[in-house]
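Here is the structure we will look at.
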4 protein chains.
Amino acid sequence: MYVHQVKLRVRYAETDRMGYVYYGNYAEYLEVARVEMLRSLGISYREMEEQGVMLPVRELRITYHKPALYDDEITVRTELRSMPGVRIVFNYALFNTAGVLLSEAETTLVFIDAESGRPRSAPANIIGKLSPYLG
Amino acid sequence: MYVHQVKLRVRYAETDRMGYVYYGNYAEYLEVARVEMLRSLGISYREMEEQGVMLPVRELRITYHKPALYDDEITVRTELRSMPGVRIVFNYALFNTAGVLLSEAETTLVFIDAESGRPRSAPANIIGKLSPYLG
Amino acid sequence: MYVHQVKLRVRYAETDRMGYVYYGNYAEYLEVARVEMLRSLGISYREMEEQGVMLPVRELRITYHKPALYDDEITVRTELRSMPGVRIVFNYALFNTAGVLLSEAETTLVFIDAESGRPRSAPANIIGKLSPYLG
Amino acid sequence: MYVHQVKLRVRYAETDRMGYVYYGNYAEYLEVARVEMLRSLGISYREMEEQGVMLPVRELRITYHKPALYDDEITVRTELRSMPGVRIVFNYALFNTAGVLLSEAETTLVFIDAESGRPRSAPANIIGKLSPYLG
């Protein structure tokens with residue numbers, strides 16, 4: 001398993017009139033979490049796209065336990081539990097500074113060859129970087 | 001079953017550099033769809049909140065089949081398949097103008113008493129309006 | 001002068017914890033207003049982009065008089081006061097259903113040739129459609 | 001003058017199909033910049049609100065020189081050039097890592113007493129923290 005943590009500060013823009021982070025905005029937090037996880041492995045999502053590999057989200061699941069509030073510092077713990085093939089699955093748990101579990105999520109993304117528009121397997125450098133952890 | 005349809009035009013703001021609607025922005029489309037479904041029953045979500053009943057999202061699931069694109073007119077078909085209790089479950093299917101199924105989603109929301117902060121059952125007027133359909 | 005009006009319903013997603021529409025979200029309302037104004041003239045912004053003309057925003061000014069609130073139906077009145085050259089300037093006034101002026105805005109956009117990345121004058125079909133009004 | 005700098009990473013969610021940061025999303029960057037500037041002075045915007053002082057935006061002006069791109073690290077330099085009264089004016093300049101000036105902005109915010117809904121002067125602790133710089 002490969003585990004990574006990132007911290008995010010809740011923006012005013014992200015709250016709604018209940019005073020909570022709007023449920024759709026968590027998708028951005030998950031994006032930041034998985035991009036930073038990849039960066040921690042030496043993989044740039046931006047470069048991957050520029051080299052012709054796209055990674056759209058195929059499935060999103062979130063369970064909201066407690067609301068995140070304005071100006072809270074949120075820790076997102078992201079887990080990669082199995083070696084990616086055509087798909088890559090990230091699992092997330094979000095906590096506030098008191099350590100309270102706010103929400104849990106799972107995203108499934110698919111590697112797509114930008115030229116053909118067809119699914120393809122994970123690039124070799126991603127497999128290489130992950131193999132010490134997910135061998 | 002109670003079924004409702006609403007049309008939405010994709011905004012430039014909602015696209016990302018892939019040229020697709022960003023995966024988190026579908027949450028807004030689902031919000032519009034369920035609020036307009038309630039309005040079609042004569043229920044104002046805004047008034048419900050003003051009367052002390054909140055309805056935060058507890059769970060969100062989306063499967064993305066095909067991307068929605070800039071300026072597409074999207075039809076969201078929303079289904080309410082069972083009478084709400086403490087929870088209310090909406091099922092959604094999104095189509096483009098060619099009738100292609102773009103994505104499917106499910107949201108579970110919980111009725112909360114604003115004063116106590118505790119779950120409560122669905123307001124009587126919602127049950128009343130839905131009973132001809134979900135009796 | 002060419003004047004156009006469009007109505008928009010405020011989404012929950014667009015509010016913040018003050019209960020107001022977040023100040024940055026008005027940019028989306030202005031986008032919808034000018035795109036629908038162009039559509040009313042028979043001009044598709046999407047097609048224009050597909051034909052190699054981009055129209056990024058160069059300047060944005062908004063004055064916020066009164067807040068827009070959740071579920072409000074907002075009318076955006078958009079004015080085109082002079083014939084576009086390399087630049088096109090839209091002026092906006094936003095009202096709620098009670099006719100209260102909520103905010104006023106101005107955006108300046110620049111026509112860009114997508115291939116060269118350089119500014120260019122407004123496409124001939126836009127000039128043609130506008131000449132009866134701004135001649 | 002009081003000057004503060006903050007760095008932000010452009011999220012995929014913030015880009016549009018031109019591949020640029022959507023023009024409305026800069027409002028969030030400006031929000032982060034001024035909130036972090038206040039935090040650098042020992043002032044919590046959240047606490048101020050909890051103590052009954054709101055600070056809605058009254059005016060926003062942005063000039064977009066060059067686009068910010070996905071995954072760019074943006075530096076926002078924020079300046080407070082005069083002592084706030086009922087109003088507080090922030091000036092911003094945004095740069096990429098190559099030091100290129102991307103955009104310039106100005107926001108005017110108004111201190112509002114939450115109870116009465118009326119404008120009021122800046123809280124004493126803000127004046128106190130700023131007086132060494134703006135005396």
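FYI, nothing fancy with the structure tokens labels: chains A, B, ... in order, residues from 1 per chain, ligands from 1 as they appear.
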May I ask you to extract the residues of chain D within 6 Å of chain C, using only C-alpha atoms, and to give them as a PDB file with N, CA and C atoms, in the first residue's frame?
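out-v8.pdb, written as the output of this step:
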```pdb
ATOM      1  N   GLY D  24     -13.311  33.770 -13.478  1.00  0.00           N
ATOM      2  CA  GLY D  24     -14.006  33.960 -12.201  1.00  0.00           C
ATOM      3  C   GLY D  24     -13.273  33.328 -11.025  1.00  0.00           C
ATOM      4  N   ALA D  27     -11.072  35.166  -8.212  1.00  0.00           N
ATOM      5  CA  ALA D  27     -11.677  35.713  -7.001  1.00  0.00           C
ATOM      6  C   ALA D  27     -11.324  34.872  -5.774  1.00  0.00           C
ATOM      7  N   ARG D  58     -17.374  44.748  -1.930  1.00  0.00           N
ATOM      8  CA  ARG D  58     -18.197  45.800  -2.525  1.00  0.00           C
ATOM      9  C   ARG D  58     -17.801  46.047  -3.981  1.00  0.00           C
ATOM     10  N   GLU D  59     -16.513  45.839  -4.265  1.00  0.00           N
ATOM     11  CA  GLU D  59     -16.066  46.089  -5.637  1.00  0.00           C
ATOM     12  C   GLU D  59     -14.881  45.199  -5.970  1.00  0.00           C
ATOM     13  N   LEU D  60     -14.874  44.721  -7.192  1.00  0.00           N
ATOM     14  CA  LEU D  60     -13.809  43.853  -7.688  1.00  0.00           C
ATOM     15  C   LEU D  60     -13.377  44.345  -9.061  1.00  0.00           C
ATOM     16  N   ARG D  61     -12.083  44.468  -9.239  1.00  0.00           N
ATOM     17  CA  ARG D  61     -11.525  44.799 -10.549  1.00  0.00           C
ATOM     18  C   ARG D  61     -10.349  43.889 -10.822  1.00  0.00           C
ATOM     19  N   ILE D  62     -10.344  43.272 -11.985  1.00  0.00           N
ATOM     20  CA  ILE D  62      -9.199  42.437 -12.362  1.00  0.00           C
ATOM     21  C   ILE D  62      -8.814  42.748 -13.801  1.00  0.00           C
ATOM     22  N   THR D  63      -7.532  42.858 -14.021  1.00  0.00           N
ATOM     23  CA  THR D  63      -7.011  42.914 -15.387  1.00  0.00           C
ATOM     24  C   THR D  63      -6.168  41.660 -15.606  1.00  0.00           C
ATOM     25  N   TYR D  64      -6.508  40.945 -16.668  1.00  0.00           N
ATOM     26  CA  TYR D  64      -5.848  39.680 -16.988  1.00  0.00           C
ATOM     27  C   TYR D  64      -4.816  39.939 -18.080  1.00  0.00           C
TER      28      TYR D  64
END
```
Since chain B and chain C share a sequence, can you fit the second onto the first over all C-alpha atoms in order and output it as a compact mmCIF listing (two decimals) with N, CA and C atoms, in the first residue's frame?
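The result, stored in out00.txt:
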```txt
# COMPACT_ATOMS: atom_id res chain seq x y z
N MET C 1 -43.26 5.44 -8.16
CA MET C 1 -42.05 6.19 -8.52
C MET C 1 -42.45 7.58 -8.99
N TYR C 2 -41.68 8.57 -8.61
CA TYR C 2 -41.91 9.92 -9.11
C TYR C 2 -40.70 10.29 -9.96
N VAL C 3 -40.97 10.69 -11.21
CA VAL C 3 -39.90 11.01 -12.15
C VAL C 3 -40.02 12.45 -12.59
N HIS C 4 -38.87 13.11 -12.73
CA HIS C 4 -38.88 14.52 -13.16
C HIS C 4 -37.68 14.76 -14.07
N GLN C 5 -37.85 15.65 -15.03
CA GLN C 5 -36.74 15.98 -15.94
C GLN C 5 -36.48 17.47 -15.94
N VAL C 6 -35.19 17.81 -16.03
CA VAL C 6 -34.81 19.22 -16.11
C VAL C 6 -33.67 19.34 -17.12
N LYS C 7 -33.61 20.48 -17.82
CA LYS C 7 -32.55 20.72 -18.79
C LYS C 7 -31.59 21.78 -18.26
N LEU C 8 -30.33 21.58 -18.56
CA LEU C 8 -29.27 22.48 -18.10
C LEU C 8 -28.30 22.73 -19.24
N ARG C 9 -27.81 23.93 -19.36
CA ARG C 9 -26.81 24.24 -20.38
C ARG C 9 -25.43 24.26 -19.72
N VAL C 10 -24.47 23.55 -20.27
CA VAL C 10 -23.11 23.52 -19.69
C VAL C 10 -22.43 24.88 -19.86
N ARG C 11 -21.95 25.42 -18.74
CA ARG C 11 -21.24 26.71 -18.75
C ARG C 11 -19.75 26.48 -19.02
N TYR C 12 -19.13 27.49 -19.62
CA TYR C 12 -17.68 27.45 -19.86
C TYR C 12 -16.94 27.23 -18.54
N ALA C 13 -17.42 27.89 -17.50
CA ALA C 13 -16.82 27.78 -16.17
C ALA C 13 -16.75 26.35 -15.67
N GLU C 14 -17.66 25.53 -16.16
CA GLU C 14 -17.79 24.17 -15.66
C GLU C 14 -16.88 23.18 -16.39
N THR C 15 -16.30 23.62 -17.49
CA THR C 15 -15.38 22.74 -18.23
C THR C 15 -13.98 22.81 -17.62
N ASP C 16 -13.16 21.83 -17.98
CA ASP C 16 -11.77 21.85 -17.56
C ASP C 16 -10.88 21.75 -18.80
N ARG C 17 -9.58 21.66 -18.63
CA ARG C 17 -8.71 21.74 -19.79
C ARG C 17 -8.75 20.50 -20.68
N MET C 18 -9.42 19.43 -20.24
CA MET C 18 -9.71 18.32 -21.14
C MET C 18 -10.85 18.69 -22.10
N GLY C 19 -11.55 19.79 -21.76
CA GLY C 19 -12.72 20.18 -22.55
C GLY C 19 -14.00 19.53 -22.05
N TYR C 20 -13.89 18.80 -20.94
CA TYR C 20 -15.03 18.10 -20.35
C TYR C 20 -15.57 18.92 -19.17
N VAL C 21 -16.81 18.62 -18.80
CA VAL C 21 -17.29 19.14 -17.52
C VAL C 21 -16.48 18.49 -16.41
N TYR C 22 -15.92 19.30 -15.53
CA TYR C 22 -15.13 18.80 -14.41
C TYR C 22 -15.98 17.87 -13.54
N TYR C 23 -15.40 16.77 -13.12
CA TYR C 23 -16.20 15.73 -12.46
C TYR C 23 -16.94 16.20 -11.21
N GLY C 24 -16.39 17.17 -10.52
CA GLY C 24 -17.04 17.68 -9.32
C GLY C 24 -18.25 18.57 -9.61
N ASN C 25 -18.30 19.13 -10.82
CA ASN C 25 -19.38 20.06 -11.13
C ASN C 25 -20.72 19.37 -11.36
N TYR C 26 -20.69 18.07 -11.56
CA TYR C 26 -21.95 17.34 -11.70
C TYR C 26 -22.78 17.43 -10.43
N ALA C 27 -22.12 17.61 -9.30
CA ALA C 27 -22.85 17.74 -8.03
C ALA C 27 -23.83 18.91 -8.09
N GLU C 28 -23.43 19.99 -8.79
CA GLU C 28 -24.35 21.14 -8.95
C GLU C 28 -25.53 20.77 -9.84
N TYR C 29 -25.27 20.00 -10.87
CA TYR C 29 -26.37 19.59 -11.76
C TYR C 29 -27.38 18.73 -10.98
N LEU C 30 -26.86 17.85 -10.14
CA LEU C 30 -27.74 17.00 -9.34
C LEU C 30 -28.55 17.84 -8.36
N GLU C 31 -27.88 18.86 -7.79
CA GLU C 31 -28.60 19.76 -6.87
C GLU C 31 -29.76 20.44 -7.60
N VAL C 32 -29.48 21.00 -8.77
CA VAL C 32 -30.53 21.68 -9.54
C VAL C 32 -31.65 20.69 -9.84
N ALA C 33 -31.29 19.47 -10.23
CA ALA C 33 -32.29 18.47 -10.61
C ALA C 33 -33.22 18.13 -9.45
N ARG C 34 -32.65 17.93 -8.25
CA ARG C 34 -33.55 17.53 -7.15
C ARG C 34 -34.36 18.70 -6.61
N VAL C 35 -33.77 19.90 -6.64
CA VAL C 35 -34.52 21.09 -6.19
C VAL C 35 -35.69 21.36 -7.14
N GLU C 36 -35.45 21.21 -8.44
CA GLU C 36 -36.53 21.44 -9.41
C GLU C 36 -37.57 20.31 -9.34
N MET C 37 -37.12 19.10 -9.01
CA MET C 37 -38.09 18.02 -8.80
C MET C 37 -39.01 18.36 -7.63
N LEU C 38 -38.42 18.81 -6.53
CA LEU C 38 -39.25 19.20 -5.37
C LEU C 38 -40.18 20.35 -5.75
N ARG C 39 -39.67 21.32 -6.51
CA ARG C 39 -40.51 22.46 -6.91
C ARG C 39 -41.69 21.97 -7.75
N SER C 40 -41.45 20.95 -8.58
CA SER C 40 -42.53 20.42 -9.43
C SER C 40 -43.65 19.80 -8.59
N LEU C 41 -43.31 19.46 -7.35
CA LEU C 41 -44.29 18.90 -6.42
C LEU C 41 -44.91 19.99 -5.54
N GLY C 42 -44.49 21.22 -5.76
CA GLY C 42 -44.99 22.32 -4.94
C GLY C 42 -44.21 22.50 -3.65
N ILE C 43 -43.00 21.94 -3.59
CA ILE C 43 -42.18 22.03 -2.38
C ILE C 43 -40.97 22.93 -2.65
N SER C 44 -40.82 23.95 -1.83
CA SER C 44 -39.67 24.84 -1.96
C SER C 44 -38.60 24.42 -0.96
N TYR C 45 -37.44 24.05 -1.50
CA TYR C 45 -36.33 23.68 -0.63
C TYR C 45 -35.93 24.85 0.27
N ARG C 46 -35.97 26.04 -0.31
CA ARG C 46 -35.62 27.25 0.45
C ARG C 46 -36.55 27.45 1.64
N GLU C 47 -37.86 27.32 1.38
CA GLU C 47 -38.82 27.49 2.47
C GLU C 47 -38.65 26.42 3.54
N MET C 48 -38.36 25.20 3.08
CA MET C 48 -38.15 24.12 4.03
C MET C 48 -37.00 24.47 4.98
N GLU C 49 -35.91 24.99 4.43
CA GLU C 49 -34.78 25.42 5.27
C GLU C 49 -35.19 26.54 6.21
N GLU C 50 -35.97 27.48 5.69
CA GLU C 50 -36.39 28.62 6.52
C GLU C 50 -37.32 28.16 7.64
N GLN C 51 -37.96 27.00 7.43
CA GLN C 51 -38.83 26.45 8.49
C GLN C 51 -38.06 25.51 9.41
N GLY C 52 -36.74 25.48 9.27
CA GLY C 52 -35.93 24.76 10.25
C GLY C 52 -35.59 23.32 9.90
N VAL C 53 -35.78 22.95 8.64
CA VAL C 53 -35.39 21.59 8.23
C VAL C 53 -34.25 21.69 7.22
N MET C 54 -33.13 21.12 7.55
CA MET C 54 -32.00 21.11 6.65
C MET C 54 -31.88 19.73 6.00
N LEU C 55 -31.21 19.69 4.88
CA LEU C 55 -31.17 18.44 4.12
C LEU C 55 -29.77 18.23 3.52
N PRO C 56 -28.77 18.04 4.37
CA PRO C 56 -27.43 17.85 3.84
C PRO C 56 -27.28 16.50 3.14
N VAL C 57 -26.31 16.43 2.24
CA VAL C 57 -26.02 15.21 1.50
C VAL C 57 -25.18 14.29 2.39
N ARG C 58 -25.60 13.05 2.46
CA ARG C 58 -24.89 12.06 3.27
C ARG C 58 -24.02 11.17 2.39
N GLU C 59 -24.48 10.94 1.15
CA GLU C 59 -23.71 10.06 0.27
C GLU C 59 -23.93 10.45 -1.17
N LEU C 60 -22.87 10.38 -1.94
CA LEU C 60 -22.89 10.73 -3.37
C LEU C 60 -22.16 9.63 -4.12
N ARG C 61 -22.79 9.15 -5.20
CA ARG C 61 -22.14 8.20 -6.09
C ARG C 61 -22.40 8.63 -7.52
N ILE C 62 -21.36 8.73 -8.30
CA ILE C 62 -21.53 9.06 -9.72
C ILE C 62 -20.68 8.11 -10.55
N THR C 63 -21.27 7.62 -11.63
CA THR C 63 -20.49 6.91 -12.65
C THR C 63 -20.52 7.75 -13.92
N TYR C 64 -19.33 8.02 -14.44
CA TYR C 64 -19.18 8.86 -15.62
C TYR C 64 -18.98 7.97 -16.84
N HIS C 65 -19.95 7.93 -17.74
CA HIS C 65 -19.82 7.09 -18.93
C HIS C 65 -19.18 7.86 -20.09
N LYS C 66 -19.73 9.03 -20.38
CA LYS C 66 -19.25 9.87 -21.49
C LYS C 66 -19.18 11.30 -20.97
N PRO C 67 -18.24 12.09 -21.47
CA PRO C 67 -18.13 13.46 -20.96
C PRO C 67 -19.25 14.37 -21.48
N ALA C 68 -19.70 15.28 -20.64
CA ALA C 68 -20.53 16.40 -21.08
C ALA C 68 -19.58 17.49 -21.55
N LEU C 69 -19.96 18.18 -22.62
CA LEU C 69 -19.07 19.15 -23.25
C LEU C 69 -19.66 20.56 -23.16
N TYR C 70 -18.80 21.52 -23.39
CA TYR C 70 -19.21 22.93 -23.34
C TYR C 70 -20.43 23.19 -24.23
N ASP C 71 -21.38 23.91 -23.68
CA ASP C 71 -22.58 24.39 -24.38
C ASP C 71 -23.58 23.26 -24.67
N ASP C 72 -23.26 22.04 -24.27
CA ASP C 72 -24.23 20.95 -24.40
C ASP C 72 -25.47 21.27 -23.57
N GLU C 73 -26.60 20.87 -24.09
CA GLU C 73 -27.81 20.94 -23.28
C GLU C 73 -28.01 19.55 -22.69
N ILE C 74 -27.95 19.48 -21.37
CA ILE C 74 -28.02 18.22 -20.65
C ILE C 74 -29.42 18.04 -20.08
N THR C 75 -29.98 16.86 -20.26
CA THR C 75 -31.23 16.53 -19.58
C THR C 75 -30.91 15.64 -18.39
N VAL C 76 -31.37 16.06 -17.23
CA VAL C 76 -31.21 15.23 -16.03
C VAL C 76 -32.59 14.64 -15.70
N ARG C 77 -32.65 13.32 -15.73
CA ARG C 77 -33.89 12.64 -15.32
C ARG C 77 -33.69 12.14 -13.89
N THR C 78 -34.56 12.58 -13.01
CA THR C 78 -34.41 12.26 -11.59
C THR C 78 -35.56 11.37 -11.16
N GLU C 79 -35.22 10.35 -10.41
CA GLU C 79 -36.24 9.42 -9.91
C GLU C 79 -36.21 9.36 -8.39
N LEU C 80 -37.42 9.37 -7.84
CA LEU C 80 -37.60 9.11 -6.41
C LEU C 80 -38.33 7.77 -6.37
N ARG C 81 -37.65 6.74 -5.88
CA ARG C 81 -38.19 5.39 -6.00
C ARG C 81 -38.88 4.88 -4.75
N SER C 82 -38.62 5.54 -3.62
CA SER C 82 -39.29 5.08 -2.40
C SER C 82 -39.58 6.27 -1.51
N MET C 83 -40.56 6.12 -0.67
CA MET C 83 -40.99 7.19 0.23
C MET C 83 -39.86 7.56 1.18
N PRO C 84 -39.55 8.84 1.31
CA PRO C 84 -38.49 9.23 2.23
C PRO C 84 -38.89 9.00 3.68
N GLY C 85 -37.89 8.65 4.50
CA GLY C 85 -38.08 8.56 5.94
C GLY C 85 -37.18 9.63 6.55
N VAL C 86 -36.18 9.18 7.31
CA VAL C 86 -35.15 10.12 7.76
C VAL C 86 -34.25 10.46 6.56
N ARG C 87 -34.15 9.52 5.64
CA ARG C 87 -33.32 9.71 4.45
C ARG C 87 -34.20 9.84 3.22
N ILE C 88 -33.66 10.50 2.20
CA ILE C 88 -34.32 10.57 0.91
C ILE C 88 -33.26 10.28 -0.15
N VAL C 89 -33.58 9.37 -1.05
CA VAL C 89 -32.61 8.92 -2.05
C VAL C 89 -33.10 9.34 -3.45
N PHE C 90 -32.25 10.07 -4.14
CA PHE C 90 -32.54 10.47 -5.51
C PHE C 90 -31.63 9.70 -6.46
N ASN C 91 -32.21 9.22 -7.56
CA ASN C 91 -31.41 8.59 -8.62
C ASN C 91 -31.50 9.43 -9.88
N TYR C 92 -30.36 9.59 -10.53
CA TYR C 92 -30.27 10.50 -11.67
C TYR C 92 -29.65 9.79 -12.88
N ALA C 93 -30.13 10.19 -14.05
CA ALA C 93 -29.46 9.80 -15.30
C ALA C 93 -29.33 11.06 -16.13
N LEU C 94 -28.13 11.30 -16.68
CA LEU C 94 -27.88 12.51 -17.48
C LEU C 94 -27.68 12.12 -18.94
N PHE C 95 -28.34 12.86 -19.83
CA PHE C 95 -28.29 12.59 -21.26
C PHE C 95 -27.93 13.88 -22.01
N ASN C 96 -27.26 13.71 -23.15
CA ASN C 96 -27.09 14.88 -24.03
C ASN C 96 -28.24 14.92 -25.04
N THR C 97 -28.23 15.90 -25.94
CA THR C 97 -29.37 16.08 -26.86
C THR C 97 -29.49 14.92 -27.85
N ALA C 98 -28.40 14.18 -28.06
CA ALA C 98 -28.47 13.01 -28.93
C ALA C 98 -29.03 11.80 -28.18
N GLY C 99 -29.37 11.97 -26.92
CA GLY C 99 -29.95 10.89 -26.14
C GLY C 99 -28.92 9.94 -25.56
N VAL C 100 -27.64 10.29 -25.66
CA VAL C 100 -26.57 9.45 -25.11
C VAL C 100 -26.53 9.58 -23.58
N LEU C 101 -26.48 8.44 -22.92
CA LEU C 101 -26.37 8.44 -21.45
C LEU C 101 -24.96 8.88 -21.06
N LEU C 102 -24.84 10.00 -20.38
CA LEU C 102 -23.53 10.53 -20.02
C LEU C 102 -23.07 10.03 -18.65
N SER C 103 -24.00 10.03 -17.72
CA SER C 103 -23.61 9.60 -16.38
C SER C 103 -24.84 9.23 -15.57
N GLU C 104 -24.59 8.49 -14.51
CA GLU C 104 -25.65 8.07 -13.59
C GLU C 104 -25.18 8.38 -12.18
N ALA C 105 -26.14 8.74 -11.34
CA ALA C 105 -25.74 9.14 -10.00
C ALA C 105 -26.83 8.79 -8.99
N GLU C 106 -26.40 8.74 -7.75
CA GLU C 106 -27.33 8.54 -6.64
C GLU C 106 -26.87 9.41 -5.48
N THR C 107 -27.82 10.13 -4.87
CA THR C 107 -27.48 10.89 -3.67
C THR C 107 -28.45 10.50 -2.56
N THR C 108 -27.89 10.38 -1.37
CA THR C 108 -28.70 10.14 -0.17
C THR C 108 -28.58 11.36 0.72
N LEU C 109 -29.71 11.95 1.06
CA LEU C 109 -29.72 13.13 1.92
C LEU C 109 -30.48 12.81 3.20
N VAL C 110 -30.16 13.53 4.26
CA VAL C 110 -30.76 13.25 5.57
C VAL C 110 -31.49 14.50 6.06
N PHE C 111 -32.73 14.33 6.48
CA PHE C 111 -33.48 15.43 7.09
C PHE C 111 -32.94 15.70 8.48
N ILE C 112 -32.60 16.96 8.73
CA ILE C 112 -32.01 17.36 10.02
C ILE C 112 -32.86 18.49 10.61
N ASP C 113 -33.16 18.37 11.87
CA ASP C 113 -33.82 19.47 12.58
C ASP C 113 -32.76 20.53 12.88
N ALA C 114 -32.95 21.73 12.36
CA ALA C 114 -31.91 22.77 12.45
C ALA C 114 -31.63 23.14 13.90
N GLU C 115 -32.65 23.14 14.72
CA GLU C 115 -32.47 23.56 16.11
C GLU C 115 -31.64 22.56 16.91
N SER C 116 -32.05 21.30 16.83
CA SER C 116 -31.36 20.27 17.63
C SER C 116 -30.13 19.71 16.91
N GLY C 117 -30.10 19.89 15.60
CA GLY C 117 -29.01 19.30 14.84
C GLY C 117 -29.15 17.79 14.66
N ARG C 118 -30.31 17.27 15.00
CA ARG C 118 -30.51 15.82 14.95
C ARG C 118 -31.37 15.40 13.75
N PRO C 119 -31.16 14.17 13.27
CA PRO C 119 -31.99 13.65 12.18
C PRO C 119 -33.46 13.61 12.58
N ARG C 120 -34.32 13.78 11.63
CA ARG C 120 -35.76 13.73 11.87
C ARG C 120 -36.41 13.13 10.62
N SER C 121 -37.68 12.80 10.70
CA SER C 121 -38.32 12.24 9.51
C SER C 121 -38.73 13.35 8.55
N ALA C 122 -39.04 12.97 7.36
CA ALA C 122 -39.41 13.92 6.31
C ALA C 122 -40.63 14.72 6.73
N PRO C 123 -40.66 16.02 6.43
CA PRO C 123 -41.82 16.85 6.79
C PRO C 123 -43.11 16.29 6.18
N ALA C 124 -44.22 16.51 6.90
CA ALA C 124 -45.52 15.96 6.50
C ALA C 124 -45.93 16.41 5.09
N ASN C 125 -45.61 17.65 4.72
CA ASN C 125 -46.07 18.11 3.40
C ASN C 125 -45.35 17.37 2.27
N ILE C 126 -44.11 16.97 2.50
CA ILE C 126 -43.39 16.18 1.49
C ILE C 126 -44.03 14.80 1.36
N ILE C 127 -44.31 14.18 2.49
CA ILE C 127 -44.97 12.86 2.47
C ILE C 127 -46.32 12.97 1.74
N GLY C 128 -47.05 14.03 2.08
CA GLY C 128 -48.36 14.23 1.46
C GLY C 128 -48.28 14.38 -0.05
N LYS C 129 -47.33 15.17 -0.52
CA LYS C 129 -47.21 15.41 -1.96
C LYS C 129 -46.75 14.16 -2.70
N LEU C 130 -45.97 13.34 -2.02
CA LEU C 130 -45.42 12.16 -2.70
C LEU C 130 -46.33 10.94 -2.63
N SER C 131 -47.26 10.93 -1.67
CA SER C 131 -48.04 9.70 -1.46
C SER C 131 -48.83 9.25 -2.70
N PRO C 132 -49.34 10.16 -3.55
CA PRO C 132 -50.01 9.65 -4.75
C PRO C 132 -49.07 8.86 -5.67
N TYR C 133 -47.79 9.12 -5.58
CA TYR C 133 -46.83 8.47 -6.49
C TYR C 133 -46.14 7.26 -5.84
N LEU C 134 -45.90 7.38 -4.54
CA LEU C 134 -45.07 6.37 -3.89
C LEU C 134 -45.86 5.58 -2.84
N GLY C 135 -47.13 5.95 -2.75
CA GLY C 135 -48.03 5.37 -1.74
C GLY C 135 -47.76 3.88 -1.57
```
Write down as a ChimeraX atom specification the residues of chain C whose backbone DSSP state falls under helix (DSSP H, G or I). /C:12-14,23-40,45-50,124-134
*List every residue of range 15-89 of chain D that DSSP, applied to the backbone, labels as strand (DSSP E), and write the result as a list in words.*
Val53, Met54, Val57, Arg58, Glu59, Leu60, Arg61, Ile62, Thr63, Tyr64, Glu73, Ile74, Thr75, Val76, Arg77, Thr78, Glu79, Leu80, Arg87, Ile88 and Val89 of chain D
Please produce a file of those selected residues containing N, CA and C atoms, as a compact mmCIF listing (two decimals), in the first residue's frame.
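Result went into again.txt, see below:
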```txt
# COMPACT_ATOMS: atom_id res chain seq x y z
N VAL D 53 -18.64 40.72 12.96
CA VAL D 53 -18.22 41.67 11.92
C VAL D 53 -18.09 40.93 10.60
N MET D 54 -18.90 41.32 9.63
CA MET D 54 -18.81 40.71 8.31
C MET D 54 -18.06 41.65 7.37
N VAL D 57 -17.55 41.81 -0.09
CA VAL D 57 -16.85 42.54 -1.14
C VAL D 57 -17.83 43.54 -1.78
N ARG D 58 -17.37 44.75 -1.93
CA ARG D 58 -18.20 45.80 -2.52
C ARG D 58 -17.80 46.05 -3.98
N GLU D 59 -16.51 45.84 -4.27
CA GLU D 59 -16.07 46.09 -5.64
C GLU D 59 -14.88 45.20 -5.97
N LEU D 60 -14.87 44.72 -7.19
CA LEU D 60 -13.81 43.85 -7.69
C LEU D 60 -13.38 44.34 -9.06
N ARG D 61 -12.08 44.47 -9.24
CA ARG D 61 -11.53 44.80 -10.55
C ARG D 61 -10.35 43.89 -10.82
N ILE D 62 -10.34 43.27 -11.98
CA ILE D 62 -9.20 42.44 -12.36
C ILE D 62 -8.81 42.75 -13.80
N THR D 63 -7.53 42.86 -14.02
CA THR D 63 -7.01 42.91 -15.39
C THR D 63 -6.17 41.66 -15.61
N TYR D 64 -6.51 40.95 -16.67
CA TYR D 64 -5.85 39.68 -16.99
C TYR D 64 -4.82 39.94 -18.08
N GLU D 73 2.45 27.23 -10.12
CA GLU D 73 2.49 27.77 -8.78
C GLU D 73 2.44 29.29 -8.91
N ILE D 74 1.38 29.85 -8.39
CA ILE D 74 1.13 31.28 -8.52
C ILE D 74 1.52 31.98 -7.22
N THR D 75 2.23 33.08 -7.34
CA THR D 75 2.49 33.93 -6.18
C THR D 75 1.55 35.13 -6.24
N VAL D 76 0.82 35.34 -5.16
CA VAL D 76 -0.04 36.52 -5.08
C VAL D 76 0.60 37.49 -4.09
N ARG D 77 0.96 38.67 -4.58
CA ARG D 77 1.50 39.70 -3.70
C ARG D 77 0.37 40.68 -3.41
N THR D 78 0.07 40.83 -2.14
CA THR D 78 -1.06 41.66 -1.73
C THR D 78 -0.55 42.88 -0.99
N GLU D 79 -1.13 44.03 -1.31
CA GLU D 79 -0.73 45.27 -0.65
C GLU D 79 -1.93 45.95 0.00
N LEU D 80 -1.69 46.43 1.19
CA LEU D 80 -2.65 47.28 1.88
C LEU D 80 -1.96 48.64 1.95
N ARG D 87 -14.23 51.03 4.87
CA ARG D 87 -13.80 50.21 3.74
C ARG D 87 -12.35 49.79 3.90
N ILE D 88 -12.02 48.67 3.29
CA ILE D 88 -10.63 48.23 3.23
C ILE D 88 -10.33 47.82 1.80
N VAL D 89 -9.24 48.34 1.28
CA VAL D 89 -8.89 48.12 -0.13
C VAL D 89 -7.61 47.29 -0.21
```
